[in-house]
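**Student:** What follows is coords-v5.cif, made up of mmCIF, N, CA and C atoms:
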data_structure
loop_
_atom_site.group_PDB
_atom_site.id
_atom_site.type_symbol
_atom_site.label_atom_id
_atom_site.label_comp_id
_atom_site.auth_asym_id
_atom_site.auth_seq_id
_atom_site.Cartn_x
_atom_site.Cartn_y
_atom_site.Cartn_z
ATOM 1 N N MET A 152 0.850 -1.171 0.000
ATOM 2 C CA MET A 152 0.000 0.000 0.000
ATOM 3 C C MET A 152 0.893 1.230 0.000
ATOM 4 N N ASN A 153 0.875 1.984 -1.083
ATOM 5 C CA ASN A 153 1.622 3.228 -1.177
ATOM 6 C C ASN A 153 0.674 4.349 -1.553
ATOM 7 N N SER A 154 0.405 5.245 -0.619
ATOM 8 C CA SER A 154 -0.438 6.395 -0.903
ATOM 9 C C SER A 154 -0.221 7.444 0.174
ATOM 10 N N GLU A 155 -0.836 8.603 -0.034
ATOM 11 C CA GLU A 155 -0.718 9.688 0.931
ATOM 12 C C GLU A 155 -1.363 9.317 2.255
ATOM 13 N N ILE A 156 -0.720 9.694 3.334
ATOM 14 C CA ILE A 156 -1.292 9.513 4.662
ATOM 15 C C ILE A 156 -1.713 10.885 5.156
ATOM 16 N N GLY A 157 -2.936 10.953 5.658
ATOM 17 C CA GLY A 157 -3.450 12.203 6.197
ATOM 18 C C GLY A 157 -3.700 12.067 7.687
ATOM 19 N N ALA A 158 -3.825 13.184 8.353
ATOM 20 C CA ALA A 158 -4.111 13.193 9.791
ATOM 21 C C ALA A 158 -5.237 14.176 10.055
ATOM 22 N N LYS A 159 -6.077 13.811 11.014
ATOM 23 C CA LYS A 159 -7.155 14.719 11.421
ATOM 24 C C LYS A 159 -7.331 14.597 12.921
ATOM 25 N N THR A 160 -7.509 15.738 13.591
ATOM 26 C CA THR A 160 -7.730 15.763 15.032
ATOM 27 C C THR A 160 -9.165 16.179 15.311
ATOM 28 N N LEU A 161 -9.806 15.421 16.204
ATOM 29 C CA LEU A 161 -11.161 15.736 16.635
ATOM 30 C C LEU A 161 -11.192 15.868 18.149
ATOM 31 N N THR A 162 -12.011 16.779 18.640
ATOM 32 C CA THR A 162 -12.244 16.915 20.082
ATOM 33 C C THR A 162 -13.693 16.599 20.430
ATOM 34 N N SER A 163 -14.497 16.329 19.401
ATOM 35 C CA SER A 163 -15.886 15.921 19.604
ATOM 36 C C SER A 163 -16.289 14.995 18.462
ATOM 37 N N THR A 164 -17.424 14.358 18.613
ATOM 38 C CA THR A 164 -17.931 13.398 17.642
ATOM 39 C C THR A 164 -18.061 14.025 16.259
ATOM 40 N N GLY A 165 -17.676 13.252 15.215
ATOM 41 C CA GLY A 165 -17.813 13.767 13.862
ATOM 42 C C GLY A 165 -17.229 12.834 12.820
ATOM 43 N N THR A 166 -17.366 13.248 11.559
ATOM 44 C CA THR A 166 -16.819 12.485 10.434
ATOM 45 C C THR A 166 -15.340 12.779 10.295
ATOM 46 N N ILE A 167 -14.571 11.715 10.146
ATOM 47 C CA ILE A 167 -13.129 11.858 9.974
ATOM 48 C C ILE A 167 -12.782 12.020 8.507
ATOM 49 N N GLN A 168 -13.336 11.147 7.664
ATOM 50 C CA GLN A 168 -12.991 11.141 6.252
ATOM 51 C C GLN A 168 -14.165 10.588 5.465
ATOM 52 N N SER A 169 -14.554 11.247 4.398
ATOM 53 C CA SER A 169 -15.591 10.729 3.509
ATOM 54 C C SER A 169 -14.945 9.888 2.424
ATOM 55 N N GLY A 170 -15.662 8.892 1.976
ATOM 56 C CA GLY A 170 -15.157 8.024 0.924
ATOM 57 C C GLY A 170 -14.389 6.832 1.492
ATOM 58 N N ARG A 171 -13.968 5.981 0.611
ATOM 59 C CA ARG A 171 -13.252 4.749 0.955
ATOM 60 C C ARG A 171 -11.896 5.108 1.584
ATOM 61 N N THR A 172 -11.671 4.639 2.812
ATOM 62 C CA THR A 172 -10.509 5.055 3.605
ATOM 63 C C THR A 172 -10.020 3.919 4.487
ATOM 64 N N ARG A 173 -8.738 3.893 4.776
ATOM 65 C CA ARG A 173 -8.175 2.947 5.741
ATOM 66 C C ARG A 173 -7.665 3.704 6.968
ATOM 67 N N LEU A 174 -8.046 3.193 8.142
ATOM 68 C CA LEU A 174 -7.557 3.723 9.418
ATOM 69 C C LEU A 174 -6.235 3.034 9.726
ATOM 70 N N LEU A 175 -5.181 3.819 9.900
ATOM 71 C CA LEU A 175 -3.846 3.273 10.113
ATOM 72 C C LEU A 175 -3.376 3.366 11.560
ATOM 73 N N SER A 176 -3.689 4.476 12.222
ATOM 74 C CA SER A 176 -3.169 4.694 13.563
ATOM 75 C C SER A 176 -4.055 5.692 14.304
ATOM 76 N N ILE A 177 -4.056 5.585 15.636
ATOM 77 C CA ILE A 177 -4.844 6.468 16.488
ATOM 78 C C ILE A 177 -3.943 6.970 17.614
ATOM 79 N N TYR A 178 -4.006 8.256 17.873
ATOM 80 C CA TYR A 178 -3.319 8.861 19.009
ATOM 81 C C TYR A 178 -4.393 9.615 19.787
ATOM 82 N N TYR A 179 -4.510 9.366 21.089
ATOM 83 C CA TYR A 179 -5.515 10.090 21.845
ATOM 84 C C TYR A 179 -4.998 10.522 23.205
ATOM 85 N N VAL A 180 -5.616 11.584 23.707
ATOM 86 C CA VAL A 180 -5.313 12.124 25.022
ATOM 87 C C VAL A 180 -6.491 11.775 25.921
ATOM 88 N N GLY A 181 -6.173 11.190 27.066
ATOM 89 C CA GLY A 181 -7.197 10.674 27.970
ATOM 90 C C GLY A 181 -8.007 11.739 28.684
ATOM 91 N N HIS A 182 -8.784 11.262 29.634
ATOM 92 C CA HIS A 182 -9.718 12.087 30.401
ATOM 93 C C HIS A 182 -9.740 11.520 31.822
ATOM 94 N N ALA A 183 -10.226 12.281 32.780
ATOM 95 C CA ALA A 183 -10.289 11.809 34.166
ATOM 96 C C ALA A 183 -11.203 10.594 34.314
ATOM 97 N N SER A 184 -12.210 10.482 33.449
ATOM 98 C CA SER A 184 -13.136 9.344 33.480
ATOM 99 C C SER A 184 -12.820 8.383 32.345
ATOM 100 N N ALA A 185 -13.152 7.111 32.538
ATOM 101 C CA ALA A 185 -13.009 6.133 31.455
ATOM 102 C C ALA A 185 -13.933 6.544 30.315
ATOM 103 N N GLY A 186 -13.561 6.218 29.097
ATOM 104 C CA GLY A 186 -14.365 6.617 27.940
ATOM 105 C C GLY A 186 -14.331 5.588 26.841
ATOM 106 N N THR A 187 -14.819 5.981 25.666
ATOM 107 C CA THR A 187 -14.798 5.111 24.493
ATOM 108 C C THR A 187 -14.552 5.919 23.231
ATOM 109 N N LEU A 188 -13.960 5.244 22.271
ATOM 110 C CA LEU A 188 -13.824 5.736 20.906
ATOM 111 C C LEU A 188 -14.529 4.709 20.034
ATOM 112 N N THR A 189 -15.578 5.130 19.328
ATOM 113 C CA THR A 189 -16.343 4.209 18.499
ATOM 114 C C THR A 189 -16.240 4.647 17.044
ATOM 115 N N PHE A 190 -15.602 3.824 16.225
ATOM 116 C CA PHE A 190 -15.422 4.098 14.805
ATOM 117 C C PHE A 190 -16.510 3.365 14.027
ATOM 118 N N LYS A 191 -17.214 4.112 13.145
ATOM 119 C CA LYS A 191 -18.297 3.528 12.356
ATOM 120 C C LYS A 191 -18.081 3.816 10.876
ATOM 121 N N ASP A 192 -18.536 2.889 10.061
ATOM 122 C CA ASP A 192 -18.511 3.026 8.608
ATOM 123 C C ASP A 192 -19.905 3.400 8.152
ATOM 124 N N GLY A 193 -20.066 4.569 7.541
ATOM 125 C CA GLY A 193 -21.369 4.982 7.046
ATOM 126 C C GLY A 193 -22.057 6.021 7.903
ATOM 127 N N GLY A 194 -21.316 6.795 8.657
ATOM 128 C CA GLY A 194 -21.898 7.856 9.468
ATOM 129 C C GLY A 194 -22.199 7.423 10.883
ATOM 130 N N GLY A 195 -22.817 8.320 11.644
ATOM 131 C CA GLY A 195 -23.094 8.083 13.049
ATOM 132 C C GLY A 195 -23.982 6.890 13.325
ATOM 133 N N SER A 196 -24.835 6.533 12.374
ATOM 134 C CA SER A 196 -25.709 5.365 12.556
ATOM 135 C C SER A 196 -25.215 4.169 11.751
ATOM 136 N N GLY A 197 -23.986 4.248 11.257
ATOM 137 C CA GLY A 197 -23.426 3.187 10.422
ATOM 138 C C GLY A 197 -22.983 1.965 11.205
ATOM 139 N N THR A 198 -22.237 1.109 10.536
ATOM 140 C CA THR A 198 -21.753 -0.153 11.094
ATOM 141 C C THR A 198 -20.522 0.079 11.963
ATOM 142 N N GLN A 199 -20.570 -0.422 13.195
ATOM 143 C CA GLN A 199 -19.407 -0.333 14.078
ATOM 144 C C GLN A 199 -18.264 -1.161 13.517
ATOM 145 N N LYS A 200 -17.094 -0.533 13.399
ATOM 146 C CA LYS A 200 -15.902 -1.235 12.917
ATOM 147 C C LYS A 200 -14.881 -1.454 14.030
ATOM 148 N N LEU A 201 -14.856 -0.531 15.004
ATOM 149 C CA LEU A 201 -13.872 -0.613 16.081
ATOM 150 C C LEU A 201 -14.371 0.179 17.278
ATOM 151 N N VAL A 202 -14.285 -0.426 18.465
ATOM 152 C CA VAL A 202 -14.591 0.268 19.709
ATOM 153 C C VAL A 202 -13.395 0.117 20.635
ATOM 154 N N ILE A 203 -12.881 1.237 21.117
ATOM 155 C CA ILE A 203 -11.755 1.235 22.046
ATOM 156 C C ILE A 203 -12.248 1.800 23.368
ATOM 157 N N THR A 204 -12.079 1.043 24.430
ATOM 158 C CA THR A 204 -12.414 1.503 25.765
ATOM 159 C C THR A 204 -11.172 2.143 26.354
ATOM 160 N N THR A 205 -11.286 3.400 26.783
ATOM 161 C CA THR A 205 -10.133 4.130 27.286
ATOM 162 C C THR A 205 -10.139 4.126 28.816
ATOM 163 N N PRO A 206 -8.973 4.053 29.430
ATOM 164 C CA PRO A 206 -8.910 4.028 30.893
ATOM 165 C C PRO A 206 -9.107 5.415 31.494
ATOM 166 N N ALA A 207 -9.564 5.457 32.741
ATOM 167 C CA ALA A 207 -9.621 6.719 33.474
ATOM 168 C C ALA A 207 -8.192 7.164 33.756
ATOM 169 N N GLY A 208 -7.963 8.436 33.741
ATOM 170 C CA GLY A 208 -6.616 8.945 33.981
ATOM 171 C C GLY A 208 -6.644 10.444 34.133
ATOM 172 N N SER A 209 -5.851 11.107 33.308
ATOM 173 C CA SER A 209 -5.823 12.568 33.322
ATOM 174 C C SER A 209 -5.626 13.050 31.903
ATOM 175 N N ALA A 210 -5.780 14.345 31.711
ATOM 176 C CA ALA A 210 -5.597 14.921 30.384
ATOM 177 C C ALA A 210 -4.142 14.826 29.929
ATOM 178 N N ALA A 211 -3.245 14.456 30.826
ATOM 179 C CA ALA A 211 -1.839 14.300 30.462
ATOM 180 C C ALA A 211 -1.538 12.897 29.946
ATOM 181 N N ASP A 212 -2.472 11.953 30.120
ATOM 182 C CA ASP A 212 -2.262 10.581 29.663
ATOM 183 C C ASP A 212 -2.471 10.502 28.155
ATOM 184 N N GLN A 213 -1.461 9.972 27.448
ATOM 185 C CA GLN A 213 -1.495 9.896 25.994
ATOM 186 C C GLN A 213 -1.258 8.463 25.558
ATOM 187 N N TYR A 214 -1.954 8.060 24.495
ATOM 188 C CA TYR A 214 -1.871 6.681 24.013
ATOM 189 C C TYR A 214 -1.788 6.667 22.496
ATOM 190 N N GLN A 215 -1.095 5.678 21.955
ATOM 191 C CA GLN A 215 -1.042 5.483 20.506
ATOM 192 C C GLN A 215 -1.380 4.038 20.209
ATOM 193 N N ILE A 216 -2.209 3.836 19.193
ATOM 194 C CA ILE A 216 -2.608 2.503 18.761
ATOM 195 C C ILE A 216 -2.354 2.415 17.263
ATOM 196 N N ASN A 217 -1.559 1.450 16.850
ATOM 197 C CA ASN A 217 -1.290 1.214 15.435
ATOM 198 C C ASN A 217 -2.090 0.005 14.972
ATOM 199 N N MET A 218 -2.738 0.128 13.821
ATOM 200 C CA MET A 218 -3.513 -0.977 13.274
ATOM 201 C C MET A 218 -2.563 -1.969 12.592
ATOM 202 N N PRO A 219 -2.843 -3.253 12.698
ATOM 203 C CA PRO A 219 -1.992 -4.236 12.038
ATOM 204 C C PRO A 219 -2.168 -4.219 10.518
ATOM 205 N N LEU A 220 -1.181 -4.729 9.831
ATOM 206 C CA LEU A 220 -1.189 -4.883 8.373
ATOM 207 C C LEU A 220 -1.566 -3.594 7.669
ATOM 208 N N ASP A 221 -2.614 -3.606 6.828
ATOM 209 C CA ASP A 221 -2.997 -2.433 6.045
ATOM 210 C C ASP A 221 -4.042 -1.564 6.714
ATOM 211 N N GLY A 222 -4.318 -1.792 7.993
ATOM 212 C CA GLY A 222 -5.295 -0.978 8.700
ATOM 213 C C GLY A 222 -6.705 -1.517 8.548
ATOM 214 N N ILE A 223 -7.679 -0.723 8.976
ATOM 215 C CA ILE A 223 -9.094 -1.104 8.927
ATOM 216 C C ILE A 223 -9.763 -0.333 7.798
ATOM 217 N N LEU A 224 -10.439 -1.058 6.915
ATOM 218 C CA LEU A 224 -11.090 -0.459 5.756
ATOM 219 C C LEU A 224 -12.480 0.069 6.107
ATOM 220 N N PHE A 225 -12.738 1.317 5.739
ATOM 221 C CA PHE A 225 -14.057 1.940 5.833
ATOM 222 C C PHE A 225 -14.503 2.181 4.396
ATOM 223 N N LYS A 226 -15.614 1.578 3.995
ATOM 224 C CA LYS A 226 -16.019 1.589 2.587
ATOM 225 C C LYS A 226 -16.742 2.852 2.144
ATOM 226 N N THR A 227 -17.495 3.510 3.064
ATOM 227 C CA THR A 227 -18.227 4.705 2.637
ATOM 228 C C THR A 227 -17.713 5.975 3.289
ATOM 229 N N ASP A 228 -17.588 5.996 4.587
ATOM 230 C CA ASP A 228 -16.935 7.102 5.275
ATOM 231 C C ASP A 228 -16.608 6.666 6.697
ATOM 232 N N MET A 229 -15.712 7.383 7.327
ATOM 233 C CA MET A 229 -15.244 7.041 8.673
ATOM 234 C C MET A 229 -15.800 8.067 9.650
ATOM 235 N N HIS A 230 -16.559 7.586 10.630
ATOM 236 C CA HIS A 230 -17.173 8.441 11.639
ATOM 237 C C HIS A 230 -16.656 8.017 13.010
ATOM 238 N N LEU A 231 -16.412 8.980 13.880
ATOM 239 C CA LEU A 231 -15.912 8.699 15.220
ATOM 240 C C LEU A 231 -16.830 9.314 16.262
ATOM 241 N N THR A 232 -17.306 8.475 17.200
ATOM 242 C CA THR A 232 -18.055 8.950 18.356
ATOM 243 C C THR A 232 -17.098 8.956 19.535
ATOM 244 N N ILE A 233 -16.931 10.120 20.163
ATOM 245 C CA ILE A 233 -15.984 10.305 21.258
ATOM 246 C C ILE A 233 -16.752 10.461 22.566
ATOM 247 N N SER A 234 -16.351 9.693 23.574
ATOM 248 C CA SER A 234 -16.949 9.817 24.899
ATOM 249 C C SER A 234 -15.839 9.848 25.946
ATOM 250 N N ASN A 235 -15.754 10.929 26.704
ATOM 251 C CA ASN A 235 -14.758 11.096 27.768
ATOM 252 C C ASN A 235 -13.318 10.910 27.287
ATOM 253 N N VAL A 236 -12.992 11.524 26.174
ATOM 254 C CA VAL A 236 -11.628 11.577 25.654
ATOM 255 C C VAL A 236 -11.384 13.024 25.260
ATOM 256 N N THR A 237 -10.230 13.571 25.628
ATOM 257 C CA THR A 237 -9.940 14.982 25.387
ATOM 258 C C THR A 237 -9.778 15.294 23.914
ATOM 259 N N SER A 238 -8.943 14.518 23.213
ATOM 260 C CA SER A 238 -8.759 14.715 21.778
ATOM 261 C C SER A 238 -8.253 13.422 21.148
ATOM 262 N N VAL A 239 -8.522 13.293 19.844
ATOM 263 C CA VAL A 239 -8.114 12.108 19.089
ATOM 264 C C VAL A 239 -7.518 12.580 17.769
ATOM 265 N N THR A 240 -6.348 12.086 17.434
ATOM 266 C CA THR A 240 -5.764 12.312 16.120
ATOM 267 C C THR A 240 -5.695 10.959 15.430
ATOM 268 N N VAL A 241 -6.246 10.899 14.230
ATOM 269 C CA VAL A 241 -6.216 9.650 13.476
ATOM 270 C C VAL A 241 -5.372 9.840 12.226
ATOM 271 N N PHE A 242 -4.697 8.783 11.845
ATOM 272 C CA PHE A 242 -3.892 8.769 10.632
ATOM 273 C C PHE A 242 -4.578 7.817 9.668
ATOM 274 N N VAL A 243 -4.915 8.332 8.477
ATOM 275 C CA VAL A 243 -5.695 7.579 7.503
ATOM 276 C C VAL A 243 -5.053 7.691 6.122
ATOM 277 N N THR A 244 -5.487 6.809 5.244
ATOM 278 C CA THR A 244 -5.115 6.934 3.851
ATOM 279 C C THR A 244 -6.354 6.721 2.997
ATOM 280 N N PRO A 245 -6.662 7.672 2.104
ATOM 281 C CA PRO A 245 -7.806 7.480 1.210
ATOM 282 C C PRO A 245 -7.492 6.360 0.215
ATOM 283 N N ILE A 246 -8.509 5.632 -0.179
ATOM 284 C CA ILE A 246 -8.328 4.511 -1.109
ATOM 285 C C ILE A 246 -8.812 4.908 -2.478
ATOM 286 N N THR A 247 -7.970 4.700 -3.474
ATOM 287 C CA THR A 247 -8.331 4.934 -4.862
ATOM 288 C C THR A 247 -8.184 3.618 -5.617
ATOM 289 N N ALA A 248 -8.578 3.599 -6.857
ATOM 290 C CA ALA A 248 -8.439 2.383 -7.670
ATOM 291 C C ALA A 248 -6.982 1.928 -7.732
ATOM 292 N N ASP A 249 -6.062 2.883 -7.713
ATOM 293 C CA ASP A 249 -4.630 2.553 -7.782
ATOM 294 C C ASP A 249 -4.080 1.974 -6.501
ATOM 295 N N THR A 250 -4.691 2.291 -5.355
ATOM 296 C CA THR A 250 -4.128 1.851 -4.077
ATOM 297 C C THR A 250 -4.970 0.794 -3.396
ATOM 298 N N ASP A 251 -6.125 0.427 -3.954
ATOM 299 C CA ASP A 251 -7.034 -0.516 -3.308
ATOM 300 C C ASP A 251 -6.489 -1.940 -3.376
ATOM 301 N N ASN A 252 -6.378 -2.554 -2.201
ATOM 302 C CA ASN A 252 -5.977 -3.960 -2.147
ATOM 303 C C ASN A 252 -6.913 -4.736 -1.234
ATOM 304 N N GLY A 253 -8.147 -4.309 -1.133
ATOM 305 C CA GLY A 253 -9.081 -5.034 -0.297
ATOM 306 C C GLY A 253 -10.422 -4.490 -0.463
#
Is it possible to give me this structure as structure tokens?
**Tutor:**
Amino acid sequence: MNSEIGAKTLTSTGTIQSGRTRLLSIYYVGHASAGTLTFKDGGGSGTQKLVITTPAGSAADQYQINMPLDGILFKTDMHLTISNVTSVTVFVTPITADTDNG
């Protein structure tokens, strides 16, 4: 897989990327309360692709998660619901006919 990698930071629930996209990596800053990051394909009411439960901590707690192999494929768009997480930066790559391998 050779293509441009993009990054987007969210502090509240929203769409990360429209169109066919692969999630490659996640960096997030924690919160005093435990929380969740819920990634969906197809908007806020779409299909759940990944749910990460975050530990209680502080706004100084930082975590990075790398996806194995070529990442997680989102076929229509990538949406993130954030609960009790200060901020999330995701690293993605848009999929085109030239870069699609799945």
**Student:** May I have the residues within 7 Å of Gly194 in chain A as a list in words, using only N, CA and C atoms and disregarding those fewer than 3 positions away in the same chain?
**Tutor:**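 Counting only N, CA and C atoms, the residues come to Thr166, Lys191, Gly197, Thr198, Thr227, Asp228, Met229, His230 and Leu231 of chain A.
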**Student:** Selection from above, N, CA and C atoms, as a short mmCIF file (atom, residue, chain, number, x, y, z; two decimals), in the coordinates of the input, can you write it?
**Tutor:**
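Contents of out_8.cif, as written:
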data_model
loop_
_atom_site.label_atom_id
_atom_site.label_comp_id
_atom_site.auth_asym_id
_atom_site.auth_seq_id
_atom_site.Cartn_x
_atom_site.Cartn_y
_atom_site.Cartn_z
N THR A 166 -17.37 13.25 11.56
CA THR A 166 -16.82 12.48 10.43
C THR A 166 -15.34 12.78 10.30
N LYS A 191 -17.21 4.11 13.14
CA LYS A 191 -18.30 3.53 12.36
C LYS A 191 -18.08 3.82 10.88
N GLY A 197 -23.99 4.25 11.26
CA GLY A 197 -23.43 3.19 10.42
C GLY A 197 -22.98 1.96 11.20
N THR A 198 -22.24 1.11 10.54
CA THR A 198 -21.75 -0.15 11.09
C THR A 198 -20.52 0.08 11.96
N THR A 227 -17.50 3.51 3.06
CA THR A 227 -18.23 4.70 2.64
C THR A 227 -17.71 5.98 3.29
N ASP A 228 -17.59 6.00 4.59
CA ASP A 228 -16.93 7.10 5.28
C ASP A 228 -16.61 6.67 6.70
N MET A 229 -15.71 7.38 7.33
CA MET A 229 -15.24 7.04 8.67
C MET A 229 -15.80 8.07 9.65
N HIS A 230 -16.56 7.59 10.63
CA HIS A 230 -17.17 8.44 11.64
C HIS A 230 -16.66 8.02 13.01
N LEU A 231 -16.41 8.98 13.88
CA LEU A 231 -15.91 8.70 15.22
C LEU A 231 -16.83 9.31 16.26
#
**Student:** Got a sec to resolve the PyMOL selection byres (((chain A and resi 237 and name CA) around 12) and name CA) on this structure and send the residues as a PyMOL selection string?
**Tutor:** chain A and resi 160-164+178-188+205+207-214+233-236+238-240
**Student:** Please write the residues from the selection above to a file, keeping N, CA and C atoms, as a compact mmCIF listing (two decimals), keeping the file's coordinate frame.
**Tutor:**
# COMPACT_ATOMS: atom_id res chain seq x y z
N THR A 160 -7.51 15.74 13.59
CA THR A 160 -7.73 15.76 15.03
C THR A 160 -9.16 16.18 15.31
N LEU A 161 -9.81 15.42 16.20
CA LEU A 161 -11.16 15.74 16.64
C LEU A 161 -11.19 15.87 18.15
N THR A 162 -12.01 16.78 18.64
CA THR A 162 -12.24 16.92 20.08
C THR A 162 -13.69 16.60 20.43
N SER A 163 -14.50 16.33 19.40
CA SER A 163 -15.89 15.92 19.60
C SER A 163 -16.29 15.00 18.46
N THR A 164 -17.42 14.36 18.61
CA THR A 164 -17.93 13.40 17.64
C THR A 164 -18.06 14.02 16.26
N TYR A 178 -4.01 8.26 17.87
CA TYR A 178 -3.32 8.86 19.01
C TYR A 178 -4.39 9.62 19.79
N TYR A 179 -4.51 9.37 21.09
CA TYR A 179 -5.52 10.09 21.84
C TYR A 179 -5.00 10.52 23.20
N VAL A 180 -5.62 11.58 23.71
CA VAL A 180 -5.31 12.12 25.02
C VAL A 180 -6.49 11.78 25.92
N GLY A 181 -6.17 11.19 27.07
CA GLY A 181 -7.20 10.67 27.97
C GLY A 181 -8.01 11.74 28.68
N HIS A 182 -8.78 11.26 29.63
CA HIS A 182 -9.72 12.09 30.40
C HIS A 182 -9.74 11.52 31.82
N ALA A 183 -10.23 12.28 32.78
CA ALA A 183 -10.29 11.81 34.17
C ALA A 183 -11.20 10.59 34.31
N SER A 184 -12.21 10.48 33.45
CA SER A 184 -13.14 9.34 33.48
C SER A 184 -12.82 8.38 32.34
N ALA A 185 -13.15 7.11 32.54
CA ALA A 185 -13.01 6.13 31.46
C ALA A 185 -13.93 6.54 30.32
N GLY A 186 -13.56 6.22 29.10
CA GLY A 186 -14.36 6.62 27.94
C GLY A 186 -14.33 5.59 26.84
N THR A 187 -14.82 5.98 25.67
CA THR A 187 -14.80 5.11 24.49
C THR A 187 -14.55 5.92 23.23
N LEU A 188 -13.96 5.24 22.27
CA LEU A 188 -13.82 5.74 20.91
C LEU A 188 -14.53 4.71 20.03
N THR A 205 -11.29 3.40 26.78
CA THR A 205 -10.13 4.13 27.29
C THR A 205 -10.14 4.13 28.82
N ALA A 207 -9.56 5.46 32.74
CA ALA A 207 -9.62 6.72 33.47
C ALA A 207 -8.19 7.16 33.76
N GLY A 208 -7.96 8.44 33.74
CA GLY A 208 -6.62 8.94 33.98
C GLY A 208 -6.64 10.44 34.13
N SER A 209 -5.85 11.11 33.31
CA SER A 209 -5.82 12.57 33.32
C SER A 209 -5.63 13.05 31.90
N ALA A 210 -5.78 14.34 31.71
CA ALA A 210 -5.60 14.92 30.38
C ALA A 210 -4.14 14.83 29.93
N ALA A 211 -3.24 14.46 30.83
CA ALA A 211 -1.84 14.30 30.46
C ALA A 211 -1.54 12.90 29.95
N ASP A 212 -2.47 11.95 30.12
CA ASP A 212 -2.26 10.58 29.66
C ASP A 212 -2.47 10.50 28.16
N GLN A 213 -1.46 9.97 27.45
CA GLN A 213 -1.50 9.90 25.99
C GLN A 213 -1.26 8.46 25.56
N TYR A 214 -1.95 8.06 24.50
CA TYR A 214 -1.87 6.68 24.01
C TYR A 214 -1.79 6.67 22.50
N ILE A 233 -16.93 10.12 20.16
CA ILE A 233 -15.98 10.30 21.26
C ILE A 233 -16.75 10.46 22.57
N SER A 234 -16.35 9.69 23.57
CA SER A 234 -16.95 9.82 24.90
C SER A 234 -15.84 9.85 25.95
N ASN A 235 -15.75 10.93 26.70
CA ASN A 235 -14.76 11.10 27.77
C ASN A 235 -13.32 10.91 27.29
N VAL A 236 -12.99 11.52 26.17
CA VAL A 236 -11.63 11.58 25.65
C VAL A 236 -11.38 13.02 25.26
N SER A 238 -8.94 14.52 23.21
CA SER A 238 -8.76 14.72 21.78
C SER A 238 -8.25 13.42 21.15
N VAL A 239 -8.52 13.29 19.84
CA VAL A 239 -8.11 12.11 19.09
C VAL A 239 -7.52 12.58 17.77
N THR A 240 -6.35 12.09 17.43
CA THR A 240 -5.76 12.31 16.12
C THR A 240 -5.70 10.96 15.43
**Student:** Pull the strand (DSSP E) assignments for chain A out of DSSP run on the backbone, and list those residues as a PyMOL selection string.
**Tutor:** chain A and resi 157-161+165-169+172-180+186-192+198-205+213-217+223-225+228-234+238-245
**Student:** Between CA of Met218 in chain A and CA of Phe190 in chain A, what distance in Å does the model show, to one decimal?
**Tutor:** 13.0 Å
**Student:** For the structure shown, which residues end up in the PyMOL selection byres ((chain A and resi 225) around 6.5)? Put them as an MDAnalysis selection string, please?
**Tutor:** chainID A and resid 170:174 192 223:224 226:229
**Student:** Could you state the separation of CA of Thr204 in chain A and atom N of Pro245 in chain A in Å, given to one decimal place?
**Tutor:**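 Computing the Euclidean distance for CA of Thr204 in chain A and atom N of Pro245 in chain A yields 25.1 Å.
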**Student:** Quick one, how far is CA of Gln215 in chain A from atom C of Val241 in chain A?
**Tutor:**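 Atom-to-atom, CA of Gln215 in chain A and atom C of Val241 in chain A are spaced 10.3 Å apart.
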**Student:** Around all the atoms of range 215-226 of chain A listed in the file, draw an axis-aligned box and extend it by 3 Å on each of the six sides; I want its centre and edge lengths in Å to one decimal, as lines of an AutoDock Vina configuration file.
**Tutor:**
center_x = -8.9
center_y = 0.4
center_z = 12.0
size_x = 21.7
size_y = 16.6
size_z = 25.8
**Student:** Considering only N, CA and C atoms, state which residue in the set A:Ile216, A:Val243, A:Ile177, A:Ile203 is at the smallest distance from Thr189 in chain A.
**Tutor:**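 Closest residue, counting only N, CA and C atoms: A:Ile203.
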**Student:** Using all atoms listed in the file, which residue out of A:Ala158, A:Pro206, A:Thr244, A:Leu175 lies closest to Leu220 in chain A?
**Tutor:**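 Looking at the shortest contact to Leu220 in chain A, the residue is A:Leu175.
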